[in-house]
Every structure is written in structure tokens, then in C-alpha cells.
file model.pdb (PDB, C-alpha atoms)
ATOM      1  CA  MET J1014      -6.267 -51.346  -9.161
ATOM      2  CA  SER J1015      -3.228 -49.142  -8.504
ATOM      3  CA  LEU J1016      -0.652 -47.403 -10.677
ATOM      4  CA  ASP J1017       2.751 -46.712  -9.128
ATOM      5  CA  GLY J1018       4.542 -43.605 -10.434
ATOM      6  CA  THR J1019       7.948 -45.195 -11.067
ATOM      7  CA  THR J1020       6.335 -48.261 -12.616
ATOM      8  CA  LEU J1021       4.249 -46.131 -14.956
ATOM      9  CA  LEU J1022       7.291 -44.038 -15.921
ATOM     10  CA  THR J1023       9.257 -47.234 -16.662
ATOM     11  CA  ILE J1024       6.414 -48.567 -18.784
ATOM     12  CA  VAL J1025       6.210 -45.304 -20.751
ATOM     13  CA  LEU J1026      10.004 -45.354 -21.368
ATOM     14  CA  MET J1027       9.807 -49.008 -22.466
ATOM     15  CA  GLY J1028       6.973 -48.007 -24.787
ATOM     16  CA  LEU J1029       8.979 -45.129 -26.248
ATOM     17  CA  ALA J1030      12.018 -47.372 -26.828
ATOM     18  CA  THR J1031       9.818 -49.931 -28.560
ATOM     19  CA  TYR J1032       8.024 -47.351 -30.714
ATOM     20  CA  LEU J1033      11.380 -45.916 -31.821
ATOM     21  CA  THR J1034      12.437 -49.348 -33.107
ATOM     22  CA  ARG J1035       9.071 -49.707 -34.855
ATOM     23  CA  ILE J1036       9.282 -46.464 -36.856
ATOM     24  CA  ALA J1037      13.077 -46.172 -37.301
ATOM     25  CA  GLY J1038      13.000 -48.528 -40.289
ATOM     26  CA  LEU J1039      10.394 -46.375 -42.042
ATOM     27  CA  PHE J1040      12.800 -43.446 -42.077
ATOM     28  CA  ILE J1041      15.964 -45.404 -42.904
ATOM     29  CA  ALA J1042      14.393 -47.278 -45.834
ATOM     30  CA  GLY J1043      14.549 -45.714 -49.267
ATOM     31  CA  ARG J1044      17.569 -43.537 -48.478
ATOM     32  CA  PHE J1045      19.758 -45.737 -50.643
ATOM     33  CA  ARG J1046      19.310 -47.619 -53.934
ATOM     34  CA  LEU J1047      19.647 -51.359 -53.650
ATOM     35  CA  GLU J1048      21.036 -53.580 -56.386
ATOM     36  CA  GLY J1049      22.789 -56.920 -56.681
ATOM     37  CA  GLN J1050      24.135 -58.216 -53.402
ATOM     38  CA  ALA J1051      22.575 -55.435 -51.345
ATOM     39  CA  ARG J1052      19.199 -56.203 -52.916
ATOM     40  CA  ALA J1053      19.586 -59.936 -52.153
ATOM     41  CA  ALA J1054      20.534 -59.133 -48.569
ATOM     42  CA  PHE J1055      17.577 -56.781 -48.202
ATOM     43  CA  ASP J1056      15.127 -59.325 -49.613
ATOM     44  CA  ALA J1057      16.405 -61.926 -47.139
ATOM     45  CA  ILE J1058      15.485 -59.811 -44.087
ATOM     46  CA  PRO J1059      11.994 -61.237 -43.414
ATOM     47  CA  ILE J1060      12.915 -64.910 -43.607
ATOM     48  CA  SER J1061      16.165 -64.371 -41.659
ATOM     49  CA  VAL J1062      14.496 -62.548 -38.767
ATOM     50  CA  LEU J1063      11.650 -65.058 -38.464
ATOM     51  CA  THR J1064      14.089 -67.979 -38.522
ATOM     52  CA  ALA J1065      16.357 -66.435 -35.880
ATOM     53  CA  VAL J1066      13.433 -65.932 -33.503
ATOM     54  CA  ILE J1067      12.291 -69.576 -33.493
ATOM     55  CA  ALA J1068      15.469 -71.550 -34.278
ATOM     56  CA  PRO J1069      16.579 -72.026 -30.626
ATOM     57  CA  THR J1070      13.159 -73.501 -29.753
ATOM     58  CA  LEU J1071      13.395 -76.024 -32.593
ATOM     59  CA  LEU J1072      17.097 -76.886 -32.375
ATOM     60  CA  THR J1073      18.183 -76.700 -28.744
ATOM     61  CA  SER J1074      15.212 -76.875 -26.362
ATOM     62  CA  SER J1075      14.297 -80.596 -26.392
ATOM     63  CA  LEU J1076      13.769 -83.623 -28.660
ATOM     64  CA  ALA J1077       9.987 -83.150 -28.520
ATOM     65  CA  GLU J1078      10.266 -79.619 -29.941
ATOM     66  CA  SER J1079      12.776 -80.716 -32.606
ATOM     67  CA  PHE J1080      10.637 -83.631 -33.848
ATOM     68  CA  ALA J1081       7.493 -81.503 -33.686
ATOM     69  CA  GLY J1082       9.389 -78.910 -35.725
ATOM     70  CA  VAL J1083      10.064 -81.472 -38.483
ATOM     71  CA  VAL J1084       6.372 -82.449 -38.511
ATOM     72  CA  THR J1085       5.357 -78.772 -38.623
ATOM     73  CA  ILE J1086       7.724 -78.016 -41.523
ATOM     74  CA  LEU J1087       6.308 -80.953 -43.517
ATOM     75  CA  ALA J1088       2.765 -79.785 -42.722
ATOM     76  CA  ALA J1089       3.587 -76.219 -43.747
ATOM     77  CA  PHE J1090       4.398 -77.366 -47.311
ATOM     78  CA  ARG J1091       0.904 -78.878 -47.687
ATOM     79  CA  LEU J1092      -1.546 -77.156 -45.354
ATOM     80  CA  PRO J1093      -2.812 -73.596 -44.828
ATOM     81  CA  LEU J1094      -1.694 -71.645 -41.743
ATOM     82  CA  LEU J1095      -4.343 -72.826 -39.307
ATOM     83  CA  GLY J1096      -3.916 -76.474 -40.327
ATOM     84  CA  THR J1097      -0.150 -76.208 -39.867
ATOM     85  CA  VAL J1098      -0.589 -74.752 -36.377
ATOM     86  CA  THR J1099      -3.056 -77.501 -35.413
ATOM     87  CA  VAL J1100      -0.709 -80.235 -36.625
ATOM     88  CA  GLY J1101       2.289 -78.621 -34.894
ATOM     89  CA  VAL J1102       0.586 -78.153 -31.537
ATOM     90  CA  THR J1103      -0.865 -81.683 -31.601
ATOM     91  CA  ALA J1104       2.551 -83.086 -32.481
ATOM     92  CA  VAL J1105       4.313 -81.284 -29.635
ATOM     93  CA  VAL J1106       1.729 -82.388 -27.043
ATOM     94  CA  LEU J1107       1.967 -86.057 -28.140
ATOM     95  CA  LEU J1108       5.779 -85.965 -28.365
ATOM     96  CA  ARG J1109       6.119 -84.388 -24.932
ATOM     97  CA  LEU J1110       3.941 -87.177 -23.528
ATOM     98  CA  ALA J1111       5.903 -89.853 -25.398
ATOM     99  CA  LEU J1112       9.378 -88.500 -24.669
ATOM    100  CA  GLY J1113       8.624 -87.272 -21.157
TER     101      GLY J1113
ATOM    102  CA  MET U 237      -0.797 -59.282 -60.716
ATOM    103  CA  ALA U 238      -1.032 -56.664 -57.997
ATOM    104  CA  SER U 239      -4.572 -55.371 -57.901
ATOM    105  CA  THR U 240      -4.759 -51.669 -57.147
ATOM    106  CA  ALA U 241      -8.542 -51.480 -56.757
ATOM    107  CA  HIS U 242      -9.276 -52.505 -53.188
ATOM    108  CA  ARG U 243     -12.813 -53.313 -52.203
ATOM    109  CA  PRO U 244     -12.820 -52.199 -48.545
ATOM    110  CA  ASP U 245     -15.074 -55.041 -47.413
ATOM    111  CA  SER U 246     -12.799 -57.717 -48.845
ATOM    112  CA  GLU U 247      -9.749 -55.939 -47.408
ATOM    113  CA  TRP U 248     -11.085 -55.985 -43.863
ATOM    114  CA  ARG U 249     -12.281 -59.530 -44.261
ATOM    115  CA  ALA U 250      -8.800 -60.582 -45.415
ATOM    116  CA  ALA U 251      -7.156 -58.681 -42.556
ATOM    117  CA  LEU U 252      -9.290 -60.383 -39.907
ATOM    118  CA  ALA U 253      -9.041 -63.813 -41.530
ATOM    119  CA  ASP U 254      -5.253 -63.561 -41.753
ATOM    120  CA  ILE U 255      -4.653 -62.295 -38.224
ATOM    121  CA  ALA U 256      -7.207 -64.593 -36.498
ATOM    122  CA  PRO U 257      -4.867 -67.603 -36.096
ATOM    123  CA  ALA U 258      -2.180 -65.341 -34.615
ATOM    124  CA  MET U 259      -4.738 -63.841 -32.229
ATOM    125  CA  VAL U 260      -5.809 -67.303 -31.080
ATOM    126  CA  ALA U 261      -2.191 -68.404 -30.677
ATOM    127  CA  GLY U 262      -1.435 -65.207 -28.783
ATOM    128  CA  MET U 263      -4.202 -65.609 -26.193
ATOM    129  CA  PRO U 264      -2.434 -68.041 -23.858
ATOM    130  CA  PHE U 265       0.818 -66.059 -24.177
ATOM    131  CA  ALA U 266      -0.845 -62.785 -23.304
ATOM    132  CA  ALA U 267      -2.636 -64.408 -20.387
ATOM    133  CA  LEU U 268       0.604 -65.976 -19.165
ATOM    134  CA  CYS U 269       2.374 -62.621 -19.478
ATOM    135  CA  GLY U 270      -0.314 -60.960 -17.342
ATOM    136  CA  ALA U 271      -0.297 -63.742 -14.765
ATOM    137  CA  LEU U 272       3.513 -63.677 -14.394
ATOM    138  CA  ALA U 273       3.517 -59.888 -14.048
ATOM    139  CA  VAL U 274       0.965 -59.985 -11.219
ATOM    140  CA  ASP U 275       3.039 -62.723  -9.602
ATOM    141  CA  LYS U 276       6.000 -60.254  -9.700
ATOM    142  CA  GLY U 277       3.975 -57.612  -7.893
ATOM    143  CA  LEU U 278       2.511 -55.504 -10.713
ATOM    144  CA  SER U 279      -1.142 -54.570 -10.418
ATOM    145  CA  PRO U 280      -3.653 -55.537 -13.143
ATOM    146  CA  ALA U 281      -3.859 -51.825 -14.042
ATOM    147  CA  GLU U 282      -0.076 -51.747 -14.573
ATOM    148  CA  VAL U 283      -0.237 -54.917 -16.678
ATOM    149  CA  PHE U 284      -2.958 -53.282 -18.767
ATOM    150  CA  ALA U 285      -0.829 -50.139 -19.184
ATOM    151  CA  MET U 286       2.252 -52.127 -20.176
ATOM    152  CA  SER U 287       0.453 -54.207 -22.805
ATOM    153  CA  LEU U 288      -1.293 -51.099 -24.155
ATOM    154  CA  ILE U 289       1.832 -48.904 -24.333
ATOM    155  CA  VAL U 290       4.661 -51.382 -25.004
ATOM    156  CA  PHE U 291       2.806 -54.169 -26.878
ATOM    157  CA  ALA U 292       5.847 -56.393 -27.419
ATOM    158  CA  GLY U 293       5.569 -59.955 -26.140
ATOM    159  CA  GLY U 294       9.244 -60.912 -26.026
ATOM    160  CA  ALA U 295      10.294 -57.629 -24.408
ATOM    161  CA  GLN U 296       7.471 -57.807 -21.867
ATOM    162  CA  PHE U 297       8.337 -61.360 -20.811
ATOM    163  CA  ALA U 298      11.977 -60.322 -20.407
ATOM    164  CA  ALA U 299      10.979 -57.202 -18.454
ATOM    165  CA  ILE U 300       8.825 -59.195 -16.067
ATOM    166  CA  GLU U 301      11.679 -61.644 -15.601
ATOM    167  CA  ILE U 302      14.061 -58.884 -14.417
ATOM    168  CA  TRP U 303      11.398 -56.788 -12.637
ATOM    169  CA  SER U 304      12.219 -56.154  -8.951
ATOM    170  CA  THR U 305      11.908 -53.530  -6.208
ATOM    171  CA  PRO U 306      13.247 -50.884  -6.522
ATOM    172  CA  VAL U 307      12.370 -50.927 -10.212
ATOM    173  CA  PRO U 308      15.585 -51.278 -12.345
ATOM    174  CA  VAL U 309      14.441 -48.614 -14.802
ATOM    175  CA  PHE U 310      17.636 -48.462 -16.898
ATOM    176  CA  ALA U 311      18.032 -52.249 -17.245
ATOM    177  CA  LEU U 312      14.390 -52.589 -18.216
ATOM    178  CA  VAL U 313      14.550 -49.907 -20.903
ATOM    179  CA  VAL U 314      17.855 -51.202 -22.374
ATOM    180  CA  SER U 315      16.603 -54.800 -22.415
ATOM    181  CA  THR U 316      13.429 -53.649 -24.176
ATOM    182  CA  LEU U 317      15.439 -51.698 -26.743
ATOM    183  CA  LEU U 318      17.763 -54.649 -27.471
ATOM    184  CA  ILE U 319      15.012 -57.222 -27.839
ATOM    185  CA  ASN U 320      13.079 -54.923 -30.159
ATOM    186  CA  THR U 321      15.940 -53.889 -32.468
ATOM    187  CA  ARG U 322      14.613 -56.482 -34.928
ATOM    188  CA  HIS U 323      11.688 -54.097 -35.540
ATOM    189  CA  ILE U 324      14.136 -51.773 -37.307
ATOM    190  CA  LEU U 325      14.964 -54.495 -39.852
ATOM    191  CA  MET U 326      11.268 -55.314 -40.176
ATOM    192  CA  GLY U 327      10.397 -51.661 -40.824
ATOM    193  CA  VAL U 328      13.156 -51.250 -43.421
ATOM    194  CA  SER U 329      11.892 -54.308 -45.271
ATOM    195  CA  LEU U 330       8.222 -53.334 -45.086
ATOM    196  CA  ARG U 331       8.472 -49.611 -45.877
ATOM    197  CA  PRO U 332       8.507 -49.896 -49.713
ATOM    198  CA  LYS U 333       5.524 -52.261 -49.540
ATOM    199  CA  LEU U 334       3.444 -49.679 -47.638
ATOM    200  CA  HIS U 335       3.284 -47.168 -50.511
ATOM    201  CA  ALA U 336      -0.522 -47.236 -50.528
ATOM    202  CA  LEU U 337      -0.545 -45.776 -46.999
ATOM    203  CA  SER U 338      -0.132 -42.082 -46.205
ATOM    204  CA  ALA U 339       2.864 -40.993 -44.103
ATOM    205  CA  VAL U 340       0.590 -40.502 -41.087
ATOM    206  CA  GLN U 341      -0.985 -43.931 -41.577
ATOM    207  CA  ARG U 342       2.477 -45.508 -41.710
ATOM    208  CA  VAL U 343       3.783 -43.765 -38.600
ATOM    209  CA  LEU U 344       0.641 -44.451 -36.576
ATOM    210  CA  GLY U 345       0.078 -47.933 -38.021
ATOM    211  CA  CYS U 346       3.593 -49.066 -37.201
ATOM    212  CA  PHE U 347       2.856 -48.538 -33.510
ATOM    213  CA  THR U 348       1.294 -52.016 -33.727
ATOM    214  CA  LEU U 349       4.132 -53.553 -35.777
ATOM    215  CA  ALA U 350       4.825 -56.996 -34.308
ATOM    216  CA  ASP U 351       6.367 -60.224 -35.624
ATOM    217  CA  GLU U 352       3.067 -61.789 -36.666
ATOM    218  CA  ASN U 353       1.272 -58.904 -38.372
ATOM    219  CA  TRP U 354       4.542 -57.848 -39.999
ATOM    220  CA  ALA U 355       5.108 -61.339 -41.428
ATOM    221  CA  LEU U 356       1.514 -61.502 -42.649
ATOM    222  CA  ALA U 357       1.945 -58.101 -44.316
ATOM    223  CA  GLU U 358       5.151 -59.328 -46.005
ATOM    224  CA  ARG U 359       3.241 -62.359 -47.278
ATOM    225  CA  ARG U 360       0.371 -60.157 -48.463
ATOM    226  CA  ALA U 361       2.848 -57.950 -50.355
ATOM    227  CA  THR U 362       3.998 -60.957 -52.420
ATOM    228  CA  VAL U 363       0.519 -61.274 -53.988
ATOM    229  CA  ARG U 364      -1.056 -57.800 -53.864
ATOM    230  CA  VAL U 365      -0.685 -54.207 -52.703
ATOM    231  CA  ILE U 366      -1.043 -53.771 -48.927
ATOM    232  CA  SER U 367      -4.045 -51.469 -48.430
ATOM    233  CA  PRO U 368      -4.419 -49.079 -45.471
ATOM    234  CA  THR U 369      -7.503 -51.014 -44.328
ATOM    235  CA  TYR U 370      -5.631 -54.314 -44.384
ATOM    236  CA  PHE U 371      -2.531 -53.094 -42.559
ATOM    237  CA  LEU U 372      -4.192 -50.891 -39.937
ATOM    238  CA  LEU U 373      -7.031 -53.269 -39.081
ATOM    239  CA  MET U 374      -4.762 -56.308 -38.819
ATOM    240  CA  GLY U 375      -2.394 -54.480 -36.461
ATOM    241  CA  THR U 376      -5.126 -52.944 -34.332
ATOM    242  CA  ALA U 377      -6.933 -56.264 -33.916
ATOM    243  CA  PHE U 378      -3.722 -58.000 -32.854
ATOM    244  CA  TRP U 379      -2.864 -55.195 -30.426
ATOM    245  CA  ALA U 380      -6.366 -55.165 -28.868
ATOM    246  CA  SER U 381      -6.284 -58.934 -28.451
ATOM    247  CA  TRP U 382      -2.899 -58.767 -26.657
ATOM    248  CA  VAL U 383      -4.150 -56.032 -24.288
ATOM    249  CA  VAL U 384      -7.427 -57.796 -23.443
ATOM    250  CA  TRP U 385      -5.908 -61.221 -22.863
ATOM    251  CA  SER U 386      -2.972 -60.011 -20.799
ATOM    252  CA  LEU U 387      -5.432 -58.151 -18.556
ATOM    253  CA  ALA U 388      -7.506 -61.328 -18.344
ATOM    254  CA  GLY U 389      -4.380 -63.232 -17.356
ATOM    255  CA  ALA U 390      -3.567 -60.649 -14.689
ATOM    256  CA  LEU U 391      -7.058 -60.936 -13.221
ATOM    257  CA  LEU U 392      -7.481 -64.708 -13.548
ATOM    258  CA  GLY U 393      -3.806 -65.702 -13.270
ATOM    259  CA  PRO U 394      -3.651 -68.767 -11.094
ATOM    260  CA  VAL U 395      -6.860 -70.286 -12.533
ATOM    261  CA  LEU U 396      -5.380 -70.671 -16.040
ATOM    262  CA  GLY U 397      -2.523 -73.003 -15.198
ATOM    263  CA  ASP U 398       0.478 -73.928 -17.341
ATOM    264  CA  PRO U 399      -0.003 -73.231 -21.086
ATOM    265  CA  ARG U 400       2.697 -75.815 -21.910
ATOM    266  CA  ARG U 401       0.280 -78.565 -20.904
ATOM    267  CA  LEU U 402      -1.845 -77.851 -23.986
ATOM    268  CA  GLY U 403       1.106 -77.160 -26.286
ATOM    269  CA  ALA U 404      -0.044 -73.541 -26.540
ATOM    270  CA  ASP U 405       3.530 -72.296 -26.281
ATOM    271  CA  PHE U 406       4.343 -74.100 -29.563
ATOM    272  CA  ALA U 407       1.584 -72.330 -31.531
ATOM    273  CA  PHE U 408       3.804 -69.300 -32.178
ATOM    274  CA  THR U 409       6.656 -71.503 -33.355
ATOM    275  CA  ALA U 410       4.289 -73.308 -35.748
ATOM    276  CA  ILE U 411       2.952 -69.996 -37.116
ATOM    277  CA  PHE U 412       6.504 -68.827 -37.777
ATOM    278  CA  VAL U 413       7.411 -72.106 -39.507
ATOM    279  CA  ALA U 414       4.375 -71.718 -41.775
ATOM    280  CA  LEU U 415       5.251 -68.102 -42.580
ATOM    281  CA  ILE U 416       8.894 -68.963 -43.330
ATOM    282  CA  VAL U 417       7.779 -71.731 -45.704
ATOM    283  CA  SER U 418       5.335 -69.363 -47.444
ATOM    284  CA  LEU U 419       8.002 -66.635 -47.828
ATOM    285  CA  ARG U 420      10.620 -68.903 -49.442
ATOM    286  CA  THR U 421      11.625 -67.949 -52.966
ATOM    287  CA  GLY U 422      13.812 -70.873 -54.056
ATOM    288  CA  PRO U 423      16.637 -73.210 -53.068
ATOM    289  CA  ARG U 424      18.722 -70.265 -51.830
ATOM    290  CA  SER U 425      16.086 -69.544 -49.200
ATOM    291  CA  GLY U 426      17.053 -72.881 -47.657
ATOM    292  CA  ALA U 427      20.659 -71.745 -47.262
ATOM    293  CA  VAL U 428      19.528 -68.436 -45.764
ATOM    294  CA  VAL U 429      17.286 -70.253 -43.276
ATOM    295  CA  ALA U 430      20.089 -72.686 -42.381
ATOM    296  CA  ALA U 431      22.620 -69.907 -41.756
ATOM    297  CA  SER U 432      20.180 -67.943 -39.641
ATOM    298  CA  ALA U 433      18.950 -70.982 -37.677
ATOM    299  CA  VAL U 434      22.379 -72.415 -36.820
ATOM    300  CA  THR U 435      23.763 -69.018 -35.818
ATOM    301  CA  ALA U 436      20.725 -68.143 -33.699
ATOM    302  CA  ALA U 437      20.768 -71.506 -31.913
ATOM    303  CA  LEU U 438      24.519 -71.278 -31.201
ATOM    304  CA  VAL U 439      24.381 -67.684 -29.973
ATOM    305  CA  ARG U 440      21.357 -68.406 -27.798
ATOM    306  CA  ALA U 441      23.182 -71.373 -26.225
ATOM    307  CA  LEU U 442      26.579 -69.691 -25.832
ATOM    308  CA  ILE U 443      25.737 -66.029 -25.185
ATOM    309  CA  GLY U 444      22.034 -65.930 -24.459
ATOM    310  CA  SER U 445      18.888 -64.044 -25.309
ATOM    311  CA  PRO U 446      18.178 -61.588 -26.942
ATOM    312  CA  TRP U 447      21.435 -61.589 -28.951
ATOM    313  CA  HIS U 448      20.424 -64.654 -30.964
ATOM    314  CA  VAL U 449      17.759 -62.725 -32.893
ATOM    315  CA  LEU U 450      20.038 -60.052 -34.334
ATOM    316  CA  SER U 451      23.028 -62.335 -34.930
ATOM    317  CA  GLY U 452      20.902 -65.043 -36.563
ATOM    318  CA  ALA U 453      19.155 -62.490 -38.764
ATOM    319  CA  LEU U 454      22.502 -60.975 -39.810
ATOM    320  CA  ALA U 455      23.896 -64.435 -40.649
ATOM    321  CA  GLY U 456      20.921 -65.094 -42.931
ATOM    322  CA  ILE U 457      21.270 -61.707 -44.591
ATOM    323  CA  VAL U 458      25.018 -62.167 -45.158
ATOM    324  CA  ALA U 459      24.392 -65.659 -46.567
ATOM    325  CA  ALA U 460      21.908 -64.199 -49.051
ATOM    326  CA  ALA U 461      24.439 -61.573 -50.189
ATOM    327  CA  MET U 462      27.221 -64.157 -50.572
ATOM    328  CA  LEU U 463      25.019 -66.527 -52.585
ATOM    329  CA  ARG U 464      24.096 -63.663 -54.851
ATOM    330  CA  ARG U 465      27.775 -62.940 -55.522
ATOM    331  CA  ASP U 466      28.472 -66.580 -56.350
ATOM    332  CA  THR U 467      25.704 -66.683 -58.941
ATOM    333  CA  PRO U 468      25.506 -63.195 -60.432
ATOM    334  CA  GLU U 469      23.313 -64.309 -63.351
ATOM    335  CA  ALA U 470      20.653 -65.912 -61.204
ATOM    336  CA  ARG U 471      17.628 -63.786 -60.444
TER     337      ARG U 471
END
call {"tool": "encode", "arguments": {"input": "model.pdb", "output": "C-alpha cells"}}
result
Amino acid sequence: MSLDGTTLLTIVLMGLATYLTRIAGLFIAGRFRLEGQARAAFDAIPISVLTAVIAPTLLTSSLAESFAGVVTILAAFRLPLLGTVTVGVTAVVLLRLALG
Amino acid sequence: MASTAHRPDSEWRAALADIAPAMVAGMPFAALCGALAVDKGLSPAEVFAMSLIVFAGGAQFAAIEIWSTPVPVFALVVSTLLINTRHILMGVSLRPKLHALSAVQRVLGCFTLADENWALAERRATVRVISPTYFLLMGTAFWASWVVWSLAGALLGPVLGDPRRLGADFAFTAIFVALIVSLRTGPRSGAVVAASAVTAALVRALIGSPWHVLSGALAGIVAAAMLRRDTPEAR
């Protein structure tokens, strides 16, 4: 087990950069009153960020992922979280086998 | 509807029950992250340090991808910063829902802010007040799990094999789909999701990662504002 000096320094800087992004929002929030359009935009943050993270996987990676995505979305309207994940993972394994 | 009296035992139970699926889904990713890092020449101790200090899956995968000798310190730090800018949006959104936490609890607790525990906290906030126990325990458990399993991956690397074979890589996608569905508020959420998804997919294909996250998120946010203008009477 070894720790290189430059590597450790890089890791610490990466950690600092990440922590800054994690707490920056805490200090920005609440500095302005939000109404109307600004309020609607603000409320849309969670769903917009989550969607942007996974959309490329579902839309542009392969047919298996896209079809499994449809199955997962349907499951998500009926099942709790763990059930949805089970259905989604099973679907992607079967579809990858079927579609090569 | 929002209960202010938190029974600590039910709060920690809820925290662990909510984060457990994300911890299970995260195991193969953490292990893969550790295995790839060792393959790039990092020691298990360095993998452990990175997961402990950085604790950001997407940024760590990207860092390992561009890791070389000599270490490109600047590129690594900038890439990490870019990939993690979404945390700023997440923090802005979550801050007003963390009013039951002290300032110190917020600043320390947000060290473990990640996509999954943030989304679960957002979901929690739609039905009740987020308690300190709930938020801090959920984040700490998720963080500890990431550290332990990435170290395991670094030590066991080659034995684990390809996580794609078991569909483990899709578990995160499925969790996010479920969270998006549970966070929807009405038909306009569909338009927001569509704007974000199409933009993110196009930007990822045409420009590349990590720009798709910010641009997709902004498209969704702009769509929400525009829909609000079109129907000023709607709640």
C-alpha cells in the first residue's frame, strides 16, 4: 500500500473542488425571492438534473437500453423503487441477450 | 401534512430503508471504479483516499479515464469541477428543505451530497420535513458503502469481471427513472423531462460528456419557466 505525493495532492484538490460544488448551493439559495416563472424554474431543478444524467443511456446507447428504459418507466408507475430496479435490470439483461 | 415530531428510531429506519437500494446498486460501480483505478496504476491506498475524499462516482470514473504519468493535475481538477457543477443546482434546490438542520449540520452533511441521496431527500421533502437524522445517516451510509466497495474492487479487481454481464450498470439508470417518476407533479413534468432528455442526448452525442448534464438540466428548467408563462393561472 503506497501513497504518492503528487497523487495525494491531486486527490485532495479534486476533493476540494467537489466539496465546493456541494456547499455552494447552500449559500446561493435563499438570497432571492422566487415567484412565478422563477419559482417554476426552481421547482424543475431536481427532475431536470436527474433526467439529463440518464437520458443519453436511454436514448442513444443501444436498442437494449432504450427498450429496457420503456419497461422501467412502465414499472416505475406501478412498483416501489426496489421492484422497479429489479424489473429494469432483468429487462436489460434479457434484451442484451436477445438483441446481441 | 408535514410532521414536525420526528421519532429518531423511525427516522433512522427510513434513512437506511430508502438508501439501501442505492447502496446495493452502487456496489458493482464502486468495485469497478476501484478495479479500473488499480489497472491505471493507482495503489489500493490511493483508491481508498480518492473515494473517501472525493466521493463522486462520475467524476472519479472520468478522472481514472484521463489519469496518466506524470499526473495531469490541472486537467483532473477541472474535469472534476465541471462534472460536479450539477451539485450546485442540487444544493440550491435542497437548501430550503433542510431547515430542520443546523448550519453546521448542513455544511458537514452536504459533504456526502450525491445524486442518489439528494434525490431521495427531495422525495422525502414532498411528504415530510427532512430531519437531521434522516439526512446525515442516509448520506453517511451511502458514502461509507462507496468507500468500502471501491477499496474491495481495488483489492479484488480482476476476480469480479464485467458488471455489464449482470446488468448491474443499468441499476443506476433504473433508480433514476423511478425517482423521476416519483418526483413528477403533473403533465408539465412530462414536457420538462422531454426537453431535458432530448437536449442531454443531443449534447452528449455532438459535444460529449460532461456537458450534457448541465445543458440538459438547463433545457428542462427553461421549459418549466416557459410553460409557466403560457399558463399563468395554473398552479
call {"tool": "resolve_selection", "arguments": {"input": "model.pdb", "expression": "the PyMOL selection byres ((chain U and resi 379-381) around 9)", "output": "list of chain:residue names"}}
result
U:Met259, U:Val260, U:Gly262, U:Met263, U:Ala266, U:Ser287, U:Leu288, U:Phe291, U:Thr348, U:Leu349, U:Ala350, U:Met374, U:Gly375, U:Thr376, U:Ala377, U:Phe378, U:Trp382, U:Val383, U:Val384, U:Trp385, U:Ser386
call {"tool": "closest_residue", "arguments": {"input": "model.pdb", "among": "J:Ile1024, J:Leu1029, J:Ile1067, J:Ala1051", "to": "U:Ser432", "atoms": "all atoms listed in the file"}}
result
J:Ile1067
call {"tool": "interface_residues", "arguments": {"input": "model.pdb", "of": "chain U", "to": "chain J", "cutoff": "7 Å", "atoms": "only C-alpha atoms", "output": "NGL selection string"}}
result
:U and (257 or 279-282 or 286 or 289-290 or 309 or 313 or 316-317 or 320-321 or 323-329 or 331 or 343 or 346-347 or 349 or 402-404 or 406-407 or 409-414 or 416-417 or 419 or 428-429 or 432-433 or 436-437 or 440 or 448-449 or 452-453 or 456-458 or 460-461 or 464-465)
call {"tool": "resolve_selection", "arguments": {"input": "model.pdb", "expression": "the PyMOL selection byres ((chain U and resi 334) around 12)", "output": "mmCIF file with C-alpha atoms, in the coordinates of the input"}}
result
data_model
loop_
_atom_site.group_PDB
_atom_site.id
_atom_site.type_symbol
_atom_site.label_atom_id
_atom_site.label_comp_id
_atom_site.auth_asym_id
_atom_site.auth_seq_id
_atom_site.Cartn_x
_atom_site.Cartn_y
_atom_site.Cartn_z
ATOM 1 C CA LEU J 1039 10.394 -46.375 -42.042
ATOM 2 C CA ALA J 1042 14.393 -47.278 -45.834
ATOM 3 C CA GLY J 1043 14.549 -45.714 -49.267
ATOM 4 C CA GLY U 327 10.397 -51.661 -40.824
ATOM 5 C CA VAL U 328 13.156 -51.250 -43.421
ATOM 6 C CA SER U 329 11.892 -54.308 -45.271
ATOM 7 C CA LEU U 330 8.222 -53.334 -45.086
ATOM 8 C CA ARG U 331 8.472 -49.611 -45.877
ATOM 9 C CA PRO U 332 8.507 -49.896 -49.713
ATOM 10 C CA LYS U 333 5.524 -52.261 -49.540
ATOM 11 C CA HIS U 335 3.284 -47.168 -50.511
ATOM 12 C CA ALA U 336 -0.522 -47.236 -50.528
ATOM 13 C CA LEU U 337 -0.545 -45.776 -46.999
ATOM 14 C CA SER U 338 -0.132 -42.082 -46.205
ATOM 15 C CA ALA U 339 2.864 -40.993 -44.103
ATOM 16 C CA VAL U 340 0.590 -40.502 -41.087
ATOM 17 C CA GLN U 341 -0.985 -43.931 -41.577
ATOM 18 C CA ARG U 342 2.477 -45.508 -41.710
ATOM 19 C CA VAL U 343 3.783 -43.765 -38.600
ATOM 20 C CA GLY U 345 0.078 -47.933 -38.021
ATOM 21 C CA CYS U 346 3.593 -49.066 -37.201
ATOM 22 C CA TRP U 354 4.542 -57.848 -39.999
ATOM 23 C CA ALA U 357 1.945 -58.101 -44.316
ATOM 24 C CA GLU U 358 5.151 -59.328 -46.005
ATOM 25 C CA ARG U 360 0.371 -60.157 -48.463
ATOM 26 C CA ALA U 361 2.848 -57.950 -50.355
ATOM 27 C CA ARG U 364 -1.056 -57.800 -53.864
ATOM 28 C CA VAL U 365 -0.685 -54.207 -52.703
ATOM 29 C CA ILE U 366 -1.043 -53.771 -48.927
ATOM 30 C CA SER U 367 -4.045 -51.469 -48.430
ATOM 31 C CA PRO U 368 -4.419 -49.079 -45.471
ATOM 32 C CA THR U 369 -7.503 -51.014 -44.328
ATOM 33 C CA TYR U 370 -5.631 -54.314 -44.384
ATOM 34 C CA PHE U 371 -2.531 -53.094 -42.559
ATOM 35 C CA LEU U 372 -4.192 -50.891 -39.937
#
call {"tool": "atom_distance", "arguments": {"input": "model.pdb", "atom1": "atom CA of U:Gly389", "atom2": "atom CA of U:Pro264"}}
result
8.3 Å
call {"tool": "atom_distance", "arguments": {"input": "model.pdb", "atom1": "atom CA of U:Lys276", "atom2": "atom CA of U:Ala295"}}
result
15.5 Å
call {"tool": "closest_residue", "arguments": {"input": "model.pdb", "among": "U:Leu415, U:Ala459, U:Ile300, U:Leu391", "to": "U:Ala431", "atoms": "only C-alpha atoms"}}
result
U:Ala459
call {"tool": "atom_distance", "arguments": {"input": "model.pdb", "atom1": "atom CA of U:Trp303", "atom2": "atom CA of U:Ala441"}}
result
23.2 Å
call {"tool": "closest_residue", "arguments": {"input": "model.pdb", "among": "U:Val314, U:Trp248, U:Gly393, U:Gly294", "to": "U:Leu268", "atoms": "all atoms listed in the file"}}
result
U:Gly393
